[in-house]
Amino acid sequence: MTDFQDLIFELGTEELPPVALKELSQALEKEFVGGLKKAGLQHGEVIRYATPRRLALLVKGCAIRQPDRKLEKRGPAVQAAFDDEGNPSKAAEGFARSCGTTVDKLDRLKTRKGEWLMYQVEESGKAAATLLPKIAESALNHLPIPKRMRWGNTDAQFIRPVHWLLFKQGAKVIPCRLLDVVAGEHSYGHRFHHPDFLTIETPESYAGLLGSKGKVIAHFDTRRGNIQSQVEKVAETLGGRVELDPILLDEVTALNEWPVAITGSFEKKYLAVPPEALILTMKKNQKYFPLFDADGQLMNHFITIANIDSPKPEVISEGNERVIRPRLADAMFFWEQDGKCRLEDHLESLKSVVFQQKLGSMYDKSQRVSSLAGWIAEQTGADASLAKRAGMLSRCDLMTHMVGEFADMQGIMGRYQAQRDGEPEELAAAMEEFYLPRYSGDRLPQSPTGIAVALAEKIDTLCGIFGIGMKPTGDKDPFALRRAALGALRIVREHSLTLDMREFLENAVTPLRDQIQEEHTADTVYAFLMERLKVLLADEGVSPQLFESVHAVQPRTIADLEARILAVQSFANLAEAEALAAANKRIRNILRKSQDDIPASVDELLLRDPAEKTLFTQLQAMLTLVAPLLADRDYESALKAMAGLRTAVDRFFDDVMVMAEKDDLRRNRLALLKQLSALFLQVADISHLQR
């Protein structure tokens, strides 16, 4: 008998949720393999299979038995195990009884902490057949299933009713009962092409037999590649091309066991409808693949995947066309009806739609966004009047029939309707850009007007929701404020907007004064944005200490903050950086603890020690040297120049008693340190670099 044999596990079910199939398959592998590892069952490659009616794993070269292992049980310390005469204590005797032996047969274990009684036992490894049922059961219980169901008269619970269980190692069935189904050596093929059972003689024959006889491509990625190849080939025969949405491709793969591409078409008149609406209908509602011509224009053809190799594919094609036609007709009707109104005609109806009970209607929010977008446009050199109008019209498409039927068309419908209304092209583009970015990694608004309205929208939401005390807590963020903050930061950073963030937030809060209850809302939102920025920069390699060193001096713009961070990063690599950071930290502590009324300037006549005179002289020269550099925001050159003070600073602390007994000397030296600290604070608080 060999020590290792292939293992096959397959759970046969009713059709599994297509959007969850990949995740379930991956989780099954993770949990099952974790169980094997915990049990000490060595194995080779693991291949997972997933179709609408099955989850399966092939484990190559799985050990048929655990290895034998030596167990050590530690008992009481020798000092407590025997009395002064060497007789065993009750603790020693009790430990020996628990091990099934006597005290004189126990071993001793010496460690750095002392000597202990110990019992060693050789434990034979258990057969895999006795361990695998529990491993499989645990793996199934830990699958990410939000809600399990019962079926029939059984108490078993799973995401869908279970019909069969294939569980074999080598040629032998693993005897067990899982989810009220007894394990066997049978699988089942395609529901229509081969509804009868298939006997799986050996685990390695599983996928091949299902494919050749059962008409089931069990491997998910193989089936996915098969679908992609078919779709691309059929598209080419129709003179078009297909844009394969990976999410749609995964979902279609999860819906089929034996995929066959079928073509279909619809009347060209429907192409007058915005293509996004037609594409949305085909992909989201029907799981069809739309086709495009060489110019990227939508064609009146589509491709579907049938889960059957039909002798009459034209019948399936006609059915698909019949199903989609009413949806396309609805889209055209809504498009034509919406064309009878202009975007601005919907403004009045926004007054009846609540944005948030304490923050007013969608109309109120549009007014705030309009005003804030105008201010942003003025600051960035965009057309303020266009930004204000775009902000006012930004939500009007929500009231159209098209968006009412196809929610994903919001913004897109606004763009088309603005074009149909004869609005400027930049305003039309802003109607869609208003929602960007929708998620992490999404594209950003590009037009100046789009940038203004998108940024205004996010900041108004942040200030409004924070202002009524509904900031995110833990994992709860019903208004997606974290996403809004990250989106706003991306817009500001990636478009290099030099907006004074404090002034920006105050302008956003001003029209909300009558609605909000929280004091210092602008400060709270600023802190929230800075925390998000800190995380973003950490992902880019900026340490928390480096961020805090710059944040401490409260730069007015994010662009300025990042310029300072780059400068401090460069400074931190200098040989003088560590000593100057330590000196600045020492200075901050001295100044914080001082009870003296520190003068605003240094009295040169009170300087006594050569070290303090030298520091004063070099400090005055440095102030003159770095002033033009700081004016030009050349922070890197300024810090590099300041590094030249290191020797003078070190000598000062070595030779000078800052807290002198004479009041005038002490206060003068404190003034000198305060002036030195203020010099560095013109760029950053480098004391944060001292860990």
# chains A, B, ... in the order shown; residues from 1 in each chain; ligands from 1

call {"tool": "residues_around", "arguments": {"residues": "region 154-165 of chain A", "least_positions_apart": "3", "cutoff": "8 Å", "atoms": "only C-alpha atoms", "output": "list in words"}}
result
Phe9, Glu10, Leu11, Gly12, Thr13, Glu14, Glu15, Leu16, Ile145, Lys147, Arg148, Met149, Arg150, Trp151, Leu178, Leu179, Asp180, Val181, Val182, Ala183, Gly184, Glu185, His186 and Ser187 of chain A

call {"tool": "select_by_dssp", "arguments": {"residues": "region 242-434 of chain A", "states": "strand (DSSP E or B)", "output": "PyMOL selection string"}}
result
chain A and resi 242+260-265+289-292+298-306+354-356+360-361

call {"tool": "closest_atom_pairs", "arguments": {"of": "region 285-366 of chain A", "to": "region 396-402 of chain A", "cutoff": "10 Å", "atoms": "only C-alpha atoms", "output": "Markdown table"}}
result
| residue | atom | partner | partner_atom | distance |
| --- | --- | --- | --- | --- |
| A:Asp330 | CA | A:Met402 | CA | 9.1 |
| A:Ala331 | CA | A:Met402 | CA | 6.9 |
| A:Met332 | CA | A:Met402 | CA | 9.0 |
| A:Phe333 | CA | A:Met402 | CA | 8.9 |
| A:Phe334 | CA | A:Met402 | CA | 5.3 |
| A:Trp335 | CA | A:Met402 | CA | 6.3 |
| A:Glu336 | CA | A:Met402 | CA | 9.5 |
| A:Gln337 | CA | A:His401 | CA | 7.5 |
| A:Asp338 | CA | A:Thr400 | CA | 6.1 |
| A:Gly339 | CA | A:Thr400 | CA | 9.5 |
| A:Cys341 | CA | A:Thr400 | CA | 9.0 |
| A:Arg342 | CA | A:Cys396 | CA | 9.2 |
| A:Leu343 | CA | A:Cys396 | CA | 5.7 |
| A:Glu344 | CA | A:Cys396 | CA | 6.8 |
| A:Asp345 | CA | A:Cys396 | CA | 8.2 |
| A:His346 | CA | A:Cys396 | CA | 5.5 |
| A:Leu347 | CA | A:Cys396 | CA | 6.2 |
| A:Glu348 | CA | A:Cys396 | CA | 9.4 |
| A:Ser349 | CA | A:Met399 | CA | 7.5 |
| A:Leu350 | CA | A:Cys396 | CA | 7.2 |
| A:Val353 | CA | A:Met399 | CA | 9.5 |
| A:Met362 | CA | A:Cys396 | CA | 9.2 |
| A:Tyr363 | CA | A:Cys396 | CA | 9.1 |
| A:Ser366 | CA | A:Cys396 | CA | 9.2 |

call {"tool": "atom_distance", "arguments": {"atom1": "CA of Lys585 (chain A)", "atom2": "CA of Arg667 (chain A)"}}
result
18.9 Å

call {"tool": "residues_around", "arguments": {"residues": "region 254-265 of chain A", "least_positions_apart": "3", "cutoff": "6 Å", "atoms": "only C-alpha atoms", "output": "compact mmCIF listing (two decimals) with C-alpha atoms, in the first residue's frame"}}
result
# COMPACT_ATOMS: atom_id res chain seq x y z
CA PRO A 18 -23.36 32.80 -9.39
CA THR A 51 -19.71 24.85 -11.41
CA PRO A 52 -23.30 25.94 -10.78
CA VAL A 216 -19.36 19.42 -17.59
CA ILE A 217 -16.23 21.59 -17.65
CA GLU A 251 -20.83 35.56 -13.47
CA ASN A 300 -27.26 45.88 -32.75
CA HIS A 301 -25.83 42.43 -32.01
CA PHE A 302 -25.06 40.60 -28.80
CA ILE A 303 -23.73 37.24 -27.68
CA THR A 304 -25.22 35.03 -24.98
CA ILE A 305 -23.93 31.84 -23.40
CA ALA A 306 -26.31 28.89 -23.33
CA ASN A 307 -25.79 26.08 -20.83
CA SER A 317 -31.44 33.09 -30.09

call {"tool": "closest_residue", "arguments": {"among": "A:Thr102, A:Ser138, A:Pro555, A:Ser687", "to": "Gly34 (chain A)", "atoms": "only C-alpha atoms"}}
result
A:Ser138

call {"tool": "residues_around", "arguments": {"residues": "Asn87 (chain A)", "least_positions_apart": "6", "cutoff": "12 Å", "atoms": "only C-alpha atoms", "output": "list in words"}}
result
Val78, Gln79, Ala80, Ala81, Glu93, Val103 and Asp104 of chain A

call {"tool": "write_last_selection", "arguments": {"atoms": "C-alpha atoms", "output": "PDB file, in the first residue's frame"}}
result
ATOM      1  CA  VAL A  78      10.874  18.457  40.817  1.00  0.00           C
ATOM      2  CA  GLN A  79      11.183  20.734  43.850  1.00  0.00           C
ATOM      3  CA  ALA A  80       7.437  20.360  44.485  1.00  0.00           C
ATOM      4  CA  ALA A  81       7.271  16.723  43.413  1.00  0.00           C
ATOM      5  CA  GLU A  93       1.506  10.871  42.137  1.00  0.00           C
ATOM      6  CA  VAL A 103       6.330   8.235  39.509  1.00  0.00           C
ATOM      7  CA  ASP A 104       9.476   6.155  39.189  1.00  0.00           C
TER       8      ASP A 104
END

call {"tool": "residues_around", "arguments": {"residues": "region 568-580 of chain A", "least_positions_apart": "6", "cutoff": "9 Å", "atoms": "only C-alpha atoms", "output": "list in words"}}
result
Val542, Leu546, Ser549, Val550, Tyr635, Glu636, Leu639, Lys640, Ala643, Gly644, Leu645, Arg646, Thr647, Val649, Asp650, Val683, Ala684, Ile686, Ser687, Leu689 and Gln690 of chain A

call {"tool": "atom_distance", "arguments": {"atom1": "CA of Phe355 (chain A)", "atom2": "CA of Thr461 (chain A)"}}
result
10.0 Å

call {"tool": "decode", "arguments": {"residues": "region 146-177 of chain A", "atoms": "N, CA and C atoms", "output": "PDB file, in the first residue's frame"}}
result
ATOM      1  N   PRO A 146     -23.787  33.970   4.250  1.00  0.00           N
ATOM      2  CA  PRO A 146     -24.492  34.862   5.177  1.00  0.00           C
ATOM      3  C   PRO A 146     -25.780  34.274   5.727  1.00  0.00           C
ATOM      4  N   LYS A 147     -26.487  33.469   4.913  1.00  0.00           N
ATOM      5  CA  LYS A 147     -27.751  32.896   5.373  1.00  0.00           C
ATOM      6  C   LYS A 147     -27.898  31.484   4.817  1.00  0.00           C
ATOM      7  N   ARG A 148     -27.970  30.499   5.699  1.00  0.00           N
ATOM      8  CA  ARG A 148     -28.099  29.106   5.280  1.00  0.00           C
ATOM      9  C   ARG A 148     -29.563  28.698   5.262  1.00  0.00           C
ATOM     10  N   MET A 149     -29.862  27.679   4.457  1.00  0.00           N
ATOM     11  CA  MET A 149     -31.246  27.231   4.314  1.00  0.00           C
ATOM     12  C   MET A 149     -31.368  25.757   4.672  1.00  0.00           C
ATOM     13  N   ARG A 150     -32.588  25.366   5.054  1.00  0.00           N
ATOM     14  CA  ARG A 150     -32.914  23.955   5.267  1.00  0.00           C
ATOM     15  C   ARG A 150     -33.756  23.479   4.101  1.00  0.00           C
ATOM     16  N   TRP A 151     -33.821  22.160   3.914  1.00  0.00           N
ATOM     17  CA  TRP A 151     -34.657  21.600   2.840  1.00  0.00           C
ATOM     18  C   TRP A 151     -35.184  20.241   3.292  1.00  0.00           C
ATOM     19  N   GLY A 152     -36.340  19.892   2.766  1.00  0.00           N
ATOM     20  CA  GLY A 152     -36.948  18.600   3.096  1.00  0.00           C
ATOM     21  C   GLY A 152     -37.174  18.459   4.589  1.00  0.00           C
ATOM     22  N   ASN A 153     -36.994  17.255   5.088  1.00  0.00           N
ATOM     23  CA  ASN A 153     -37.181  16.966   6.513  1.00  0.00           C
ATOM     24  C   ASN A 153     -35.867  16.958   7.286  1.00  0.00           C
ATOM     25  N   THR A 154     -34.805  17.369   6.644  1.00  0.00           N
ATOM     26  CA  THR A 154     -33.480  17.313   7.266  1.00  0.00           C
ATOM     27  C   THR A 154     -33.191  18.548   8.102  1.00  0.00           C
ATOM     28  N   ASP A 155     -32.272  18.394   9.038  1.00  0.00           N
ATOM     29  CA  ASP A 155     -31.808  19.534   9.833  1.00  0.00           C
ATOM     30  C   ASP A 155     -30.553  20.157   9.240  1.00  0.00           C
ATOM     31  N   ALA A 156     -30.042  19.551   8.169  1.00  0.00           N
ATOM     32  CA  ALA A 156     -28.838  20.073   7.517  1.00  0.00           C
ATOM     33  C   ALA A 156     -29.100  21.474   6.973  1.00  0.00           C
ATOM     34  N   GLN A 157     -28.061  22.306   6.990  1.00  0.00           N
ATOM     35  CA  GLN A 157     -28.173  23.680   6.493  1.00  0.00           C
ATOM     36  C   GLN A 157     -27.005  23.993   5.574  1.00  0.00           C
ATOM     37  N   PHE A 158     -27.320  24.562   4.428  1.00  0.00           N
ATOM     38  CA  PHE A 158     -26.292  24.987   3.480  1.00  0.00           C
ATOM     39  C   PHE A 158     -26.873  26.091   2.627  1.00  0.00           C
ATOM     40  N   ILE A 159     -26.047  26.648   1.752  1.00  0.00           N
ATOM     41  CA  ILE A 159     -26.520  27.761   0.928  1.00  0.00           C
ATOM     42  C   ILE A 159     -27.574  27.317  -0.075  1.00  0.00           C
ATOM     43  N   ARG A 160     -27.512  26.050  -0.511  1.00  0.00           N
ATOM     44  CA  ARG A 160     -28.508  25.449  -1.400  1.00  0.00           C
ATOM     45  C   ARG A 160     -28.668  23.974  -1.006  1.00  0.00           C
ATOM     46  N   PRO A 161     -29.801  23.345  -1.330  1.00  0.00           N
ATOM     47  CA  PRO A 161     -29.982  21.917  -1.024  1.00  0.00           C
ATOM     48  C   PRO A 161     -28.871  21.067  -1.629  1.00  0.00           C
ATOM     49  N   VAL A 162     -28.421  20.072  -0.857  1.00  0.00           N
ATOM     50  CA  VAL A 162     -27.335  19.184  -1.270  1.00  0.00           C
ATOM     51  C   VAL A 162     -27.917  17.855  -1.744  1.00  0.00           C
ATOM     52  N   HIS A 163     -27.417  17.356  -2.889  1.00  0.00           N
ATOM     53  CA  HIS A 163     -27.955  16.130  -3.479  1.00  0.00           C
ATOM     54  C   HIS A 163     -26.991  14.958  -3.470  1.00  0.00           C
ATOM     55  N   TRP A 164     -25.703  15.209  -3.546  1.00  0.00           N
ATOM     56  CA  TRP A 164     -24.766  14.090  -3.532  1.00  0.00           C
ATOM     57  C   TRP A 164     -23.423  14.517  -2.954  1.00  0.00           C
ATOM     58  N   LEU A 165     -22.671  13.503  -2.521  1.00  0.00           N
ATOM     59  CA  LEU A 165     -21.358  13.739  -1.938  1.00  0.00           C
ATOM     60  C   LEU A 165     -20.395  12.679  -2.460  1.00  0.00           C
ATOM     61  N   LEU A 166     -19.400  13.136  -3.192  1.00  0.00           N
ATOM     62  CA  LEU A 166     -18.331  12.269  -3.678  1.00  0.00           C
ATOM     63  C   LEU A 166     -17.114  12.513  -2.801  1.00  0.00           C
ATOM     64  N   PHE A 167     -16.608  11.431  -2.169  1.00  0.00           N
ATOM     65  CA  PHE A 167     -15.495  11.602  -1.241  1.00  0.00           C
ATOM     66  C   PHE A 167     -14.661  10.321  -1.287  1.00  0.00           C
ATOM     67  N   LYS A 168     -13.521  10.380  -1.997  1.00  0.00           N
ATOM     68  CA  LYS A 168     -12.680   9.194  -2.149  1.00  0.00           C
ATOM     69  C   LYS A 168     -11.212   9.556  -1.993  1.00  0.00           C
ATOM     70  N   GLN A 169     -10.484   8.607  -1.403  1.00  0.00           N
ATOM     71  CA  GLN A 169      -9.028   8.683  -1.419  1.00  0.00           C
ATOM     72  C   GLN A 169      -8.536   7.410  -2.087  1.00  0.00           C
ATOM     73  N   GLY A 170      -7.839   7.574  -3.194  1.00  0.00           N
ATOM     74  CA  GLY A 170      -7.486   6.408  -3.997  1.00  0.00           C
ATOM     75  C   GLY A 170      -8.757   5.763  -4.520  1.00  0.00           C
ATOM     76  N   ALA A 171      -8.881   4.466  -4.359  1.00  0.00           N
ATOM     77  CA  ALA A 171     -10.064   3.742  -4.839  1.00  0.00           C
ATOM     78  C   ALA A 171     -11.120   3.568  -3.756  1.00  0.00           C
ATOM     79  N   LYS A 172     -10.853   4.073  -2.539  1.00  0.00           N
ATOM     80  CA  LYS A 172     -11.758   3.842  -1.421  1.00  0.00           C
ATOM     81  C   LYS A 172     -12.575   5.080  -1.080  1.00  0.00           C
ATOM     82  N   VAL A 173     -13.861   4.851  -0.813  1.00  0.00           N
ATOM     83  CA  VAL A 173     -14.754   5.923  -0.364  1.00  0.00           C
ATOM     84  C   VAL A 173     -14.429   6.252   1.088  1.00  0.00           C
ATOM     85  N   ILE A 174     -14.429   7.539   1.410  1.00  0.00           N
ATOM     86  CA  ILE A 174     -14.263   7.971   2.799  1.00  0.00           C
ATOM     87  C   ILE A 174     -15.619   7.848   3.475  1.00  0.00           C
ATOM     88  N   PRO A 175     -15.790   6.930   4.383  1.00  0.00           N
ATOM     89  CA  PRO A 175     -17.121   6.710   4.977  1.00  0.00           C
ATOM     90  C   PRO A 175     -17.528   7.873   5.887  1.00  0.00           C
ATOM     91  N   CYS A 176     -18.605   8.537   5.528  1.00  0.00           N
ATOM     92  CA  CYS A 176     -19.105   9.634   6.361  1.00  0.00           C
ATOM     93  C   CYS A 176     -20.467  10.085   5.848  1.00  0.00           C
ATOM     94  N   ARG A 177     -21.091  10.941   6.648  1.00  0.00           N
ATOM     95  CA  ARG A 177     -22.369  11.559   6.265  1.00  0.00           C
ATOM     96  C   ARG A 177     -22.248  13.054   6.556  1.00  0.00           C
TER      97      ARG A 177
END
